[in-house]
There are 2 protein chains.
Amino acid sequence: MEPARLSLNQITLNSLALPEAVAACERHEIGSIALWRDKIAGVGLGRAAELVRSAGLHVSSVCRGGMFTDPAVDVREDNRRAVEEAATLEADCLVLVCGPALDHDLPAARERVRDGIADLLPHARAAGVKLAVEPLHPMMISRRSVVNTLRQALDLSDAFDAEVGVIVDAYHVWWDPELDAQIARAGERILGYHVSDWLPETADLLLDRGMMGDGLIDLPRMSRLVAEAGYTGPVEVEILSSHWWAQDPDDVARTVRKRFEEFV
Amino acid sequence: MEPARLSLNQITLNSLALPEAVAACERHEIGSIALWRDKIAGVGLGRAAELVRSAGLHVSSVCRGGMFTDPAVDVREDNRRAVEEAATLEADCLVLVCGPALDHDLPAARERVRDGIADLLPHARAAGVKLAVEPLHPMMISRRSVVNTLRQALDLSDAFDAEVGVIVDAYHVWWDPELDAQIARAGERILGYHVSDWLPETADLLLDRGMMGDGLIDLPRMSRLVAEAGYTGPVEVEILSSHWWAQDPDDVARTVRKRFEEFV
């Protein structure tokens with residue numbers, strides 16, 4: 001894919017603080033970035049906004065709100081802060097990671113997600129921030145999210161008159177037998193498209209995503225489906241990987257750019 | 001669930017050869033067993049049949065045929081042998097594990113599965129053996145199976161006029177937002193019901209299944225759904241787990257029986 005559409009999801013260079021990640025984007029001529037909230041907190045919201053603005057960076061998303069099932073955090077308050085951060089940073093959307101499952105009652109957890117979004121939506125609307133539900137791979141149900149398929153995310157979106165959008169993350173949805181139909185159904189509700197790759201011998205449920213080209217996902221095919229659905233925005237490279245996190249960030253950024261052009 | 005319905009899937013006591021597994025069933029008053037083909041090969045088919053028959057054991061399934069995408073084995077010949085084994089052992093069904101994904105063309109892999117079943121079906125019919133497609137968790141797509149949801153398995157079954165059945169394995173399908181509807185749809189196509197548990201901090205994609213009661217799956221609810229769909233046969237406890245494999249097999253068998261009564 002043309003490099004103009006590349007967005008660096010900050011977690012791909014997880015060892016860098018926000019100023020260094022911004023500098024890496026400048027060095028490698030990457031025009032968009034996705035910011036994580038812990039990194040924003042590391043420098044403060046005002047400074048974060050100043051940094052991306054003065055670098056001329058577009059913010060494709062803020063990661064992440066959600067966690068509606070977690071009793072350990074004041075979810076409501078925290079999600080409102082996340083909306084404010086996304087608004088201040090003029091991000092395309094706030095990504096919602098909707099889970100995890102904490103007890104035996106999965107249907108109830110999914111209802112808490114719907115209720116949590118309903119509670120947050122007016123606040124997001126007022127702030128001009130789009131909410132994007134990201135379905136996460138079923139193997140992440142007990143660590144991250146009880147929303148696990150694109151169909152489910154879109155059913156949730158339907159419940160909000162399509163006012164809530166979705167993220168299509170190749171890693172999370174590539175296995176889905178209904179992928180083509182559900183991406184087409186998503187249409188302009190697609191608020192973001194994330195890429196990485198599925199390694200044949202995946203060794204860890206969270207931190208073993210592959211670099212594009214190293215795995216089994218037919219990314220050009222998925223890119224075509226997403227384009228046919230109408231999405232023309234930034235494409236985030238989001239690689240949670242202990243392997244890549246241990247490499248030199250500049251080497252990783254170079255590889256990301258190269259593989260993005262070649263394999264996405 | 002009442003212990004009369006318990007079937008020991010042999011892999012739960014993976015360190016035991018077939019004669020020892022049969023003896024463990026006798027010792028722990030377990031009336032059914034599911035046999036793995038490598039263990040059958042370990043004693044020979046004739047001896048395996050003799051052993052289960054003289055112990056009065058019912059064979060709930062033979063694990064497994066399938067692997068239609070694997071170029072490394074002579075799949076066609078191997079699957080025909082698997083059918084013969086299931087017939088000789090008078091097993092309720094032959095479990096089909098339908099994968100894995102080996103390259104970028106996932107739709108083609110899924111077509112190979114359909115073609116492979118079409119090729120095997122007349123042979124199974126002639127031998128009086130029921131074929132049961134087991135959808136496997138999406139995280140197992142590159143190691144085991146490109147059939148990953150119950151809906152997909154049932155669509156496949158539809159393609160064979162419902163002559164091919166399915167296995168409902170709690171571990172593989174519990175996360176599915178469509179679970180209730182698809183189990184109801186399966187109805188009398190359910191040829192087996194397998195239980196174990198999903199550990200909240202699952203550490204391995206293949207070998208970290210939990211003992212019933214140690215995880216997040218609402219097994220009584222799933223048992224009810226399966227019963228409402230009409231299934232009344234044996235319920236296999238199938239736990240692939242390096243933790244449990246390292247324990248004393250008699251302790252594991254005792255725990256299986258106890259947890260089966262309490263949590264399934």
# chains A, B, ... in the order shown; residues from 1 in each chain; ligands from 1
>>> residues_around(residues="region 85-95 of chain A", least_positions_apart="3", cutoff="8 Å", atoms="only C-alpha atoms", output="PyMOL selection string")
chain A and resi 45+48-49+58-66+81-82+127-134+167+191
>>> write_last_selection(atoms="N, CA and C atoms", output="PDB file, in the first residue's frame")
ATOM      1  N   LEU A  45      -1.286  15.571  28.502  1.00  0.00           N
ATOM      2  CA  LEU A  45      -2.096  15.727  27.293  1.00  0.00           C
ATOM      3  C   LEU A  45      -1.715  16.960  26.471  1.00  0.00           C
ATOM      4  N   ALA A  48       1.494  16.415  24.671  1.00  0.00           N
ATOM      5  CA  ALA A  48       1.294  15.416  23.613  1.00  0.00           C
ATOM      6  C   ALA A  48       0.685  16.073  22.372  1.00  0.00           C
ATOM      7  N   ALA A  49      -0.326  16.905  22.605  1.00  0.00           N
ATOM      8  CA  ALA A  49      -0.997  17.582  21.486  1.00  0.00           C
ATOM      9  C   ALA A  49      -0.025  18.512  20.763  1.00  0.00           C
ATOM     10  N   HIS A  58      -0.813  13.516  11.817  1.00  0.00           N
ATOM     11  CA  HIS A  58      -2.231  13.214  11.950  1.00  0.00           C
ATOM     12  C   HIS A  58      -2.378  12.102  13.001  1.00  0.00           C
ATOM     13  N   VAL A  59      -3.387  12.185  13.858  1.00  0.00           N
ATOM     14  CA  VAL A  59      -3.588  11.128  14.865  1.00  0.00           C
ATOM     15  C   VAL A  59      -4.736  10.217  14.407  1.00  0.00           C
ATOM     16  N   SER A  60      -4.375   8.991  14.036  1.00  0.00           N
ATOM     17  CA  SER A  60      -5.402   8.093  13.494  1.00  0.00           C
ATOM     18  C   SER A  60      -6.318   7.522  14.571  1.00  0.00           C
ATOM     19  N   SER A  61      -5.791   7.347  15.775  1.00  0.00           N
ATOM     20  CA  SER A  61      -6.659   6.896  16.864  1.00  0.00           C
ATOM     21  C   SER A  61      -5.984   7.111  18.208  1.00  0.00           C
ATOM     22  N   VAL A  62      -6.819   7.078  19.247  1.00  0.00           N
ATOM     23  CA  VAL A  62      -6.305   6.996  20.610  1.00  0.00           C
ATOM     24  C   VAL A  62      -6.690   5.623  21.139  1.00  0.00           C
ATOM     25  N   CYS A  63      -5.691   4.904  21.676  1.00  0.00           N
ATOM     26  CA  CYS A  63      -5.899   3.566  22.239  1.00  0.00           C
ATOM     27  C   CYS A  63      -5.743   3.655  23.759  1.00  0.00           C
ATOM     28  N   ARG A  64      -6.714   3.412  24.519  1.00  0.00           N
ATOM     29  CA  ARG A  64      -8.011   2.936  24.206  1.00  0.00           C
ATOM     30  C   ARG A  64      -8.945   3.193  25.360  1.00  0.00           C
ATOM     31  N   GLY A  65     -10.214   3.275  25.055  1.00  0.00           N
ATOM     32  CA  GLY A  65     -11.257   3.287  26.067  1.00  0.00           C
ATOM     33  C   GLY A  65     -11.855   1.903  26.158  1.00  0.00           C
ATOM     34  N   GLY A  66     -12.937   1.809  26.919  1.00  0.00           N
ATOM     35  CA  GLY A  66     -13.620   0.524  26.992  1.00  0.00           C
ATOM     36  C   GLY A  66     -13.460  -0.119  28.355  1.00  0.00           C
ATOM     37  N   ARG A  81     -12.431  10.676  30.245  1.00  0.00           N
ATOM     38  CA  ARG A  81     -11.107  11.286  30.036  1.00  0.00           C
ATOM     39  C   ARG A  81     -10.537  10.861  28.680  1.00  0.00           C
ATOM     40  N   ALA A  82     -10.747   9.607  28.330  1.00  0.00           N
ATOM     41  CA  ALA A  82     -10.238   9.115  27.038  1.00  0.00           C
ATOM     42  C   ALA A  82     -10.869   9.887  25.879  1.00  0.00           C
ATOM     43  N   ALA A 127     -18.338  15.870  22.299  1.00  0.00           N
ATOM     44  CA  ALA A 127     -16.931  16.233  22.102  1.00  0.00           C
ATOM     45  C   ALA A 127     -16.505  16.069  20.637  1.00  0.00           C
ATOM     46  N   GLY A 128     -17.394  15.573  19.813  1.00  0.00           N
ATOM     47  CA  GLY A 128     -17.058  15.368  18.402  1.00  0.00           C
ATOM     48  C   GLY A 128     -16.093  14.208  18.184  1.00  0.00           C
ATOM     49  N   VAL A 129     -16.154  13.221  19.087  1.00  0.00           N
ATOM     50  CA  VAL A 129     -15.238  12.076  18.982  1.00  0.00           C
ATOM     51  C   VAL A 129     -16.013  10.832  18.539  1.00  0.00           C
ATOM     52  N   LYS A 130     -15.481  10.156  17.526  1.00  0.00           N
ATOM     53  CA  LYS A 130     -16.113   8.927  17.078  1.00  0.00           C
ATOM     54  C   LYS A 130     -15.635   7.744  17.904  1.00  0.00           C
ATOM     55  N   LEU A 131     -16.572   6.898  18.297  1.00  0.00           N
ATOM     56  CA  LEU A 131     -16.227   5.689  19.054  1.00  0.00           C
ATOM     57  C   LEU A 131     -16.113   4.513  18.093  1.00  0.00           C
ATOM     58  N   ALA A 132     -15.027   3.757  18.218  1.00  0.00           N
ATOM     59  CA  ALA A 132     -14.792   2.619  17.324  1.00  0.00           C
ATOM     60  C   ALA A 132     -14.592   1.346  18.141  1.00  0.00           C
ATOM     61  N   VAL A 133     -15.552   0.448  18.053  1.00  0.00           N
ATOM     62  CA  VAL A 133     -15.443  -0.849  18.736  1.00  0.00           C
ATOM     63  C   VAL A 133     -14.490  -1.735  17.941  1.00  0.00           C
ATOM     64  N   GLU A 134     -13.484  -2.243  18.624  1.00  0.00           N
ATOM     65  CA  GLU A 134     -12.556  -3.155  17.948  1.00  0.00           C
ATOM     66  C   GLU A 134     -12.812  -4.573  18.423  1.00  0.00           C
ATOM     67  N   ILE A 167     -13.398  -0.970  14.243  1.00  0.00           N
ATOM     68  CA  ILE A 167     -12.046  -1.110  13.719  1.00  0.00           C
ATOM     69  C   ILE A 167     -11.946  -2.499  13.074  1.00  0.00           C
ATOM     70  N   LEU A 191     -13.904   2.710  10.921  1.00  0.00           N
ATOM     71  CA  LEU A 191     -13.212   3.935  11.352  1.00  0.00           C
ATOM     72  C   LEU A 191     -11.700   3.734  11.416  1.00  0.00           C
TER      73      LEU A 191
END
>>> select_by_dssp(residues="region 124-182 of chain A", states="strand (DSSP E)", output="PyMOL selection string")
chain A and resi 131-133+165-169
>>> write_last_selection(atoms="all heavy atoms", output="CSV table (one decimal), in the first residue's frame")
chain,number,residue,atom,x,y,z
A,131,LEU,N,-16.6,6.9,18.3
A,131,LEU,CA,-16.2,5.7,19.1
A,131,LEU,C,-16.1,4.5,18.1
A,131,LEU,O,-17.0,4.3,17.3
A,131,LEU,CB,-17.3,5.4,20.1
A,131,LEU,CG,-17.5,6.5,21.2
A,131,LEU,CD1,-18.7,6.0,22.1
A,131,LEU,CD2,-16.2,6.8,21.9
A,132,ALA,N,-15.0,3.8,18.2
A,132,ALA,CA,-14.8,2.6,17.3
A,132,ALA,C,-14.6,1.3,18.1
A,132,ALA,O,-13.6,1.2,18.8
A,132,ALA,CB,-13.6,2.9,16.5
A,133,VAL,N,-15.6,0.4,18.1
A,133,VAL,CA,-15.4,-0.8,18.7
A,133,VAL,C,-14.5,-1.7,17.9
A,133,VAL,O,-14.7,-1.9,16.7
A,133,VAL,CB,-16.8,-1.5,18.8
A,133,VAL,CG1,-16.7,-3.0,19.4
A,133,VAL,CG2,-17.7,-0.7,19.8
A,165,GLY,N,-18.8,3.2,15.4
A,165,GLY,CA,-18.2,2.5,14.3
A,165,GLY,C,-17.3,1.3,14.8
A,165,GLY,O,-17.5,0.9,15.9
A,166,VAL,N,-16.5,0.8,13.9
A,166,VAL,CA,-15.7,-0.4,14.2
A,166,VAL,C,-14.3,-0.2,13.6
A,166,VAL,O,-14.1,0.6,12.7
A,166,VAL,CB,-16.3,-1.7,13.6
A,166,VAL,CG1,-17.7,-2.0,14.1
A,166,VAL,CG2,-16.4,-1.6,12.1
A,167,ILE,N,-13.4,-1.0,14.2
A,167,ILE,CA,-12.0,-1.1,13.7
A,167,ILE,C,-11.9,-2.5,13.1
A,167,ILE,O,-12.4,-3.5,13.7
A,167,ILE,CB,-11.0,-1.0,14.9
A,167,ILE,CG1,-11.1,0.3,15.6
A,167,ILE,CG2,-9.6,-1.3,14.3
A,167,ILE,CD1,-10.6,1.5,14.8
A,168,VAL,N,-11.4,-2.6,11.9
A,168,VAL,CA,-11.0,-3.9,11.3
A,168,VAL,C,-9.5,-4.1,11.5
A,168,VAL,O,-8.7,-3.4,10.9
A,168,VAL,CB,-11.4,-3.9,9.8
A,168,VAL,CG1,-10.9,-5.2,9.2
A,168,VAL,CG2,-12.9,-3.7,9.6
A,169,ASP,N,-9.2,-5.0,12.4
A,169,ASP,CA,-7.8,-5.3,12.7
A,169,ASP,C,-7.6,-6.7,12.1
A,169,ASP,O,-8.2,-7.7,12.5
A,169,ASP,CB,-7.5,-5.3,14.2
A,169,ASP,CG,-6.0,-5.5,14.5
A,169,ASP,OD1,-5.5,-6.5,13.9
A,169,ASP,OD2,-5.4,-4.8,15.2
>>> interface_residues(of="chain B", to="chain A", cutoff="10 Å", atoms="only C-alpha atoms", output="PyMOL selection string")
chain B and resi 100-107+110+137-143+146-149+151-152+172-178+198-206+215-219+221
>>> residues_around(residues="region 246-250 of chain B", least_positions_apart="6", cutoff="12 Å", atoms="only C-alpha atoms", output="VMD selection string")
chain B and resid 8 10 to 17 20 to 21 23 to 29 207 240 256 to 257
>>> closest_residue(among="A:Leu136, A:Ala159, A:Ala124, A:Ile183", to="Glu111 (chain A)", atoms="only C-alpha atoms")
A:Ala159
>>> select_by_dssp(residues="region 36-245 of chain B", states="alpha helix (DSSP H)", output="compact mmCIF listing (two decimals) with N, CA and C atoms, in the first residue's frame")
# COMPACT_ATOMS: atom_id res chain seq x y z
N ARG B 37 -5.72 -42.21 17.70
CA ARG B 37 -5.20 -43.17 16.73
C ARG B 37 -3.76 -43.57 16.99
N ASP B 38 -2.95 -42.65 17.52
CA ASP B 38 -1.56 -43.04 17.80
C ASP B 38 -1.52 -44.10 18.90
N LYS B 39 -2.49 -44.02 19.84
CA LYS B 39 -2.54 -45.02 20.91
C LYS B 39 -3.09 -46.35 20.39
N ILE B 40 -4.04 -46.26 19.46
CA ILE B 40 -4.55 -47.49 18.83
C ILE B 40 -3.40 -48.18 18.10
N ALA B 41 -2.64 -47.39 17.35
CA ALA B 41 -1.51 -47.95 16.59
C ALA B 41 -0.49 -48.58 17.53
N GLY B 42 -0.40 -48.03 18.74
CA GLY B 42 0.58 -48.53 19.71
C GLY B 42 0.36 -49.98 20.10
N VAL B 43 -0.90 -50.44 20.05
CA VAL B 43 -1.17 -51.84 20.41
C VAL B 43 -1.69 -52.64 19.22
N LEU B 45 -4.88 -52.45 16.01
CA LEU B 45 -6.33 -52.26 16.02
C LEU B 45 -7.07 -53.45 16.64
N GLY B 46 -6.65 -54.66 16.29
CA GLY B 46 -7.34 -55.85 16.80
C GLY B 46 -7.28 -55.91 18.32
N ARG B 47 -6.09 -55.69 18.83
CA ARG B 47 -5.89 -55.73 20.29
C ARG B 47 -6.66 -54.59 20.97
N ALA B 48 -6.69 -53.42 20.34
CA ALA B 48 -7.42 -52.29 20.90
C ALA B 48 -8.91 -52.64 21.03
N ALA B 49 -9.46 -53.22 19.97
CA ALA B 49 -10.88 -53.59 19.98
C ALA B 49 -11.17 -54.63 21.07
N GLU B 50 -10.26 -55.58 21.19
CA GLU B 50 -10.39 -56.63 22.20
C GLU B 50 -10.38 -56.03 23.61
N LEU B 51 -9.46 -55.09 23.81
CA LEU B 51 -9.32 -54.48 25.13
C LEU B 51 -10.59 -53.72 25.55
N VAL B 52 -11.09 -52.88 24.66
CA VAL B 52 -12.28 -52.11 25.05
C VAL B 52 -13.49 -53.04 25.20
N ARG B 53 -13.56 -54.06 24.35
CA ARG B 53 -14.71 -54.97 24.42
C ARG B 53 -14.69 -55.77 25.72
N SER B 54 -13.54 -56.30 26.07
CA SER B 54 -13.50 -57.14 27.28
C SER B 54 -13.66 -56.30 28.54
N VAL B 75 -3.34 -38.11 2.96
CA VAL B 75 -4.55 -37.85 3.71
C VAL B 75 -5.67 -38.82 3.35
N ARG B 76 -5.83 -39.05 2.05
CA ARG B 76 -6.94 -39.87 1.59
C ARG B 76 -6.85 -41.28 2.19
N GLU B 77 -5.68 -41.87 2.06
CA GLU B 77 -5.47 -43.22 2.54
C GLU B 77 -5.61 -43.26 4.07
N ASP B 78 -5.02 -42.28 4.71
CA ASP B 78 -5.03 -42.23 6.17
C ASP B 78 -6.46 -42.09 6.71
N ASN B 79 -7.25 -41.27 6.07
CA ASN B 79 -8.62 -41.09 6.54
C ASN B 79 -9.46 -42.35 6.34
N ARG B 80 -9.17 -43.09 5.28
CA ARG B 80 -9.90 -44.34 5.10
C ARG B 80 -9.54 -45.35 6.19
N ARG B 81 -8.29 -45.35 6.55
CA ARG B 81 -7.89 -46.21 7.68
C ARG B 81 -8.59 -45.77 8.96
N ALA B 82 -8.71 -44.46 9.15
CA ALA B 82 -9.38 -43.95 10.36
C ALA B 82 -10.83 -44.41 10.41
N VAL B 83 -11.49 -44.41 9.26
CA VAL B 83 -12.87 -44.89 9.19
C VAL B 83 -12.93 -46.37 9.59
N GLU B 84 -12.01 -47.15 9.05
CA GLU B 84 -11.99 -48.58 9.40
C GLU B 84 -11.78 -48.80 10.90
N GLU B 85 -10.90 -48.00 11.47
CA GLU B 85 -10.67 -48.12 12.91
C GLU B 85 -11.94 -47.80 13.70
N ALA B 86 -12.60 -46.71 13.30
CA ALA B 86 -13.84 -46.33 14.00
C ALA B 86 -14.90 -47.42 13.86
N ALA B 87 -14.95 -48.04 12.68
CA ALA B 87 -15.92 -49.11 12.47
C ALA B 87 -15.61 -50.32 13.34
N THR B 88 -14.35 -50.72 13.34
CA THR B 88 -13.95 -51.89 14.13
C THR B 88 -14.20 -51.66 15.62
N LEU B 106 -6.72 -18.93 2.51
CA LEU B 106 -7.64 -19.55 3.47
C LEU B 106 -8.91 -20.07 2.79
N PRO B 107 -9.53 -19.31 1.89
CA PRO B 107 -10.72 -19.86 1.21
C PRO B 107 -10.42 -21.17 0.49
N ALA B 108 -9.24 -21.27 -0.14
CA ALA B 108 -8.90 -22.52 -0.84
C ALA B 108 -8.72 -23.67 0.15
N ALA B 109 -8.13 -23.39 1.30
CA ALA B 109 -7.96 -24.43 2.33
C ALA B 109 -9.32 -24.95 2.76
N ARG B 110 -10.26 -24.03 2.90
CA ARG B 110 -11.60 -24.45 3.32
C ARG B 110 -12.30 -25.26 2.22
N GLU B 111 -12.00 -24.95 0.99
CA GLU B 111 -12.54 -25.78 -0.10
C GLU B 111 -11.92 -27.18 -0.09
N ARG B 112 -10.64 -27.25 0.21
CA ARG B 112 -10.00 -28.57 0.27
C ARG B 112 -10.65 -29.43 1.36
N VAL B 113 -11.05 -28.78 2.45
CA VAL B 113 -11.75 -29.51 3.51
C VAL B 113 -13.05 -30.10 2.98
N ARG B 114 -13.81 -29.27 2.30
CA ARG B 114 -15.09 -29.74 1.77
C ARG B 114 -14.88 -30.89 0.79
N ASP B 115 -13.91 -30.73 -0.10
CA ASP B 115 -13.61 -31.79 -1.07
C ASP B 115 -13.14 -33.06 -0.38
N GLY B 116 -12.35 -32.91 0.66
CA GLY B 116 -11.85 -34.07 1.39
C GLY B 116 -12.97 -34.85 2.06
N ILE B 117 -13.91 -34.12 2.63
CA ILE B 117 -15.05 -34.79 3.27
C ILE B 117 -15.89 -35.49 2.21
N ALA B 118 -16.11 -34.80 1.09
CA ALA B 118 -16.90 -35.39 0.00
C ALA B 118 -16.28 -36.71 -0.45
N ASP B 119 -14.97 -36.74 -0.47
CA ASP B 119 -14.27 -37.93 -0.92
C ASP B 119 -14.38 -39.07 0.11
N LEU B 120 -14.40 -38.68 1.38
CA LEU B 120 -14.40 -39.68 2.46
C LEU B 120 -15.79 -40.23 2.76
N LEU B 121 -16.79 -39.40 2.52
CA LEU B 121 -18.15 -39.73 2.98
C LEU B 121 -18.69 -41.08 2.48
N PRO B 122 -18.57 -41.40 1.20
CA PRO B 122 -19.11 -42.69 0.74
C PRO B 122 -18.47 -43.86 1.47
N HIS B 123 -17.17 -43.73 1.72
CA HIS B 123 -16.44 -44.76 2.44
C HIS B 123 -16.98 -44.91 3.87
N ALA B 124 -17.22 -43.78 4.52
CA ALA B 124 -17.74 -43.80 5.89
C ALA B 124 -19.15 -44.40 5.91
N ARG B 125 -19.94 -43.99 4.93
CA ARG B 125 -21.31 -44.50 4.84
C ARG B 125 -21.31 -46.02 4.70
N ALA B 126 -20.45 -46.50 3.83
CA ALA B 126 -20.37 -47.95 3.59
C ALA B 126 -19.95 -48.70 4.85
N ALA B 127 -19.09 -48.04 5.65
CA ALA B 127 -18.60 -48.70 6.86
C ALA B 127 -19.52 -48.47 8.06
N LEU B 150 -19.05 -23.06 14.96
CA LEU B 150 -20.13 -24.03 14.81
C LEU B 150 -20.97 -23.69 13.58
N ARG B 151 -21.19 -22.40 13.33
CA ARG B 151 -21.93 -21.99 12.14
C ARG B 151 -21.24 -22.53 10.88
N GLN B 152 -19.93 -22.38 10.84
CA GLN B 152 -19.18 -22.83 9.67
C GLN B 152 -19.28 -24.35 9.50
N ALA B 153 -19.16 -25.07 10.62
CA ALA B 153 -19.26 -26.53 10.57
C ALA B 153 -20.65 -26.96 10.11
N LEU B 154 -21.66 -26.23 10.54
CA LEU B 154 -23.03 -26.60 10.14
C LEU B 154 -23.31 -26.23 8.69
N ASP B 155 -22.73 -25.13 8.23
CA ASP B 155 -22.84 -24.80 6.80
C ASP B 155 -22.22 -25.92 5.96
N LEU B 156 -21.09 -26.41 6.45
CA LEU B 156 -20.41 -27.53 5.79
C LEU B 156 -21.32 -28.76 5.81
N SER B 157 -21.92 -29.01 6.95
CA SER B 157 -22.84 -30.14 7.07
C SER B 157 -24.03 -29.98 6.12
N ASP B 158 -24.54 -28.76 6.00
CA ASP B 158 -25.63 -28.50 5.06
C ASP B 158 -25.25 -28.92 3.63
N ALA B 159 -23.97 -28.67 3.31
CA ALA B 159 -23.50 -28.99 1.96
C ALA B 159 -23.55 -30.51 1.70
N ALA B 170 -16.78 -27.52 24.25
CA ALA B 170 -16.97 -26.28 25.02
C ALA B 170 -15.77 -25.35 24.89
N TYR B 171 -14.58 -25.89 24.94
CA TYR B 171 -13.37 -25.08 24.90
C TYR B 171 -13.27 -24.29 23.59
N HIS B 172 -13.69 -24.91 22.52
CA HIS B 172 -13.53 -24.29 21.21
C HIS B 172 -14.61 -23.27 20.88
N VAL B 173 -15.78 -23.42 21.47
CA VAL B 173 -16.92 -22.60 21.01
C VAL B 173 -17.53 -21.67 22.07
N LEU B 179 -23.47 -18.78 19.93
CA LEU B 179 -23.47 -20.15 20.46
C LEU B 179 -24.86 -20.75 20.60
N ASP B 180 -25.75 -20.03 21.28
CA ASP B 180 -27.08 -20.58 21.56
C ASP B 180 -27.79 -20.96 20.27
N ALA B 181 -27.80 -20.03 19.33
CA ALA B 181 -28.53 -20.26 18.08
C ALA B 181 -27.92 -21.42 17.29
N GLN B 182 -26.60 -21.50 17.27
CA GLN B 182 -25.97 -22.53 16.46
C GLN B 182 -26.09 -23.92 17.10
N ILE B 183 -26.06 -23.98 18.42
CA ILE B 183 -26.29 -25.29 19.07
C ILE B 183 -27.72 -25.75 18.79
N ALA B 184 -28.66 -24.83 18.88
CA ALA B 184 -30.06 -25.19 18.59
C ALA B 184 -30.19 -25.65 17.14
N ARG B 185 -29.53 -24.93 16.25
CA ARG B 185 -29.56 -25.29 14.83
C ARG B 185 -28.97 -26.69 14.60
N ALA B 186 -27.92 -27.00 15.35
CA ALA B 186 -27.25 -28.29 15.16
C ALA B 186 -28.19 -29.46 15.42
N LEU B 219 -20.31 -24.16 32.05
CA LEU B 219 -20.58 -25.50 31.52
C LEU B 219 -22.01 -25.97 31.76
N PRO B 220 -22.59 -25.72 32.93
CA PRO B 220 -23.98 -26.16 33.11
C PRO B 220 -24.91 -25.54 32.06
N ARG B 221 -24.65 -24.28 31.73
CA ARG B 221 -25.47 -23.62 30.71
C ARG B 221 -25.27 -24.30 29.35
N MET B 222 -24.02 -24.58 29.02
CA MET B 222 -23.78 -25.21 27.71
C MET B 222 -24.37 -26.62 27.69
N SER B 223 -24.26 -27.33 28.81
CA SER B 223 -24.85 -28.68 28.87
C SER B 223 -26.35 -28.62 28.65
N ARG B 224 -26.97 -27.58 29.18
CA ARG B 224 -28.41 -27.42 29.00
C ARG B 224 -28.74 -27.18 27.52
N LEU B 225 -27.96 -26.29 26.89
CA LEU B 225 -28.20 -26.00 25.46
C LEU B 225 -28.07 -27.27 24.62
N VAL B 226 -27.02 -28.03 24.92
CA VAL B 226 -26.78 -29.26 24.15
C VAL B 226 -27.90 -30.28 24.40
N ALA B 227 -28.36 -30.34 25.64
CA ALA B 227 -29.47 -31.26 25.97
C ALA B 227 -30.75 -30.81 25.26
N GLU B 228 -31.00 -29.50 25.27
CA GLU B 228 -32.20 -28.98 24.60
C GLU B 228 -32.17 -29.24 23.09
N SER B 242 -0.27 -29.50 29.65
CA SER B 242 1.01 -29.98 30.19
C SER B 242 0.94 -30.06 31.72
N HIS B 243 0.13 -29.21 32.33
CA HIS B 243 -0.03 -29.30 33.79
C HIS B 243 -0.63 -30.63 34.22
N TRP B 244 -1.77 -30.98 33.64
CA TRP B 244 -2.45 -32.21 34.08
C TRP B 244 -1.72 -33.46 33.62
N TRP B 245 -1.02 -33.37 32.49
CA TRP B 245 -0.27 -34.52 32.01
C TRP B 245 0.88 -34.87 32.94
>>> atom_distance(atom1="CA of Cys98 (chain A)", atom2="CA of Met67 (chain A)")
5.1 Å
>>> atom_distance(atom1="CA of Thr255 (chain A)", atom2="CA of Trp36 (chain A)")
21.3 Å
>>> atom_distance(atom1="CA of Ala253 (chain B)", atom2="CA of Gly233 (chain B)")
20.1 Å
>>> decode(residues="region 21-27 of chain B", atoms="N, CA, C and O atoms", output="PDB file, in the first residue's frame")
ATOM      1  N   ALA B  21      -4.944 -46.981  29.883  1.00  0.00           N
ATOM      2  CA  ALA B  21      -6.087 -46.064  29.884  1.00  0.00           C
ATOM      3  C   ALA B  21      -7.387 -46.833  30.089  1.00  0.00           C
ATOM      4  O   ALA B  21      -8.271 -46.405  30.836  1.00  0.00           O
ATOM      5  N   VAL B  22      -7.479 -47.993  29.431  1.00  0.00           N
ATOM      6  CA  VAL B  22      -8.662 -48.845  29.616  1.00  0.00           C
ATOM      7  C   VAL B  22      -8.754 -49.300  31.077  1.00  0.00           C
ATOM      8  O   VAL B  22      -9.829 -49.256  31.695  1.00  0.00           O
ATOM      9  N   ALA B  23      -7.630 -49.695  31.622  1.00  0.00           N
ATOM     10  CA  ALA B  23      -7.618 -50.134  33.024  1.00  0.00           C
ATOM     11  C   ALA B  23      -8.022 -48.987  33.950  1.00  0.00           C
ATOM     12  O   ALA B  23      -8.729 -49.194  34.952  1.00  0.00           O
ATOM     13  N   ALA B  24      -7.588 -47.774  33.642  1.00  0.00           N
ATOM     14  CA  ALA B  24      -7.962 -46.615  34.467  1.00  0.00           C
ATOM     15  C   ALA B  24      -9.476 -46.401  34.426  1.00  0.00           C
ATOM     16  O   ALA B  24     -10.098 -46.098  35.452  1.00  0.00           O
ATOM     17  N   CYS B  25     -10.081 -46.584  33.255  1.00  0.00           N
ATOM     18  CA  CYS B  25     -11.540 -46.470  33.165  1.00  0.00           C
ATOM     19  C   CYS B  25     -12.217 -47.504  34.058  1.00  0.00           C
ATOM     20  O   CYS B  25     -13.189 -47.203  34.759  1.00  0.00           O
ATOM     21  N   GLU B  26     -11.699 -48.719  34.027  1.00  0.00           N
ATOM     22  CA  GLU B  26     -12.296 -49.766  34.861  1.00  0.00           C
ATOM     23  C   GLU B  26     -12.166 -49.411  36.345  1.00  0.00           C
ATOM     24  O   GLU B  26     -13.124 -49.492  37.100  1.00  0.00           O
ATOM     25  N   ARG B  27     -10.950 -48.984  36.725  1.00  0.00           N
ATOM     26  CA  ARG B  27     -10.690 -48.647  38.130  1.00  0.00           C
ATOM     27  C   ARG B  27     -11.578 -47.519  38.624  1.00  0.00           C
ATOM     28  O   ARG B  27     -12.007 -47.502  39.762  1.00  0.00           O
TER      29      ARG B  27
END
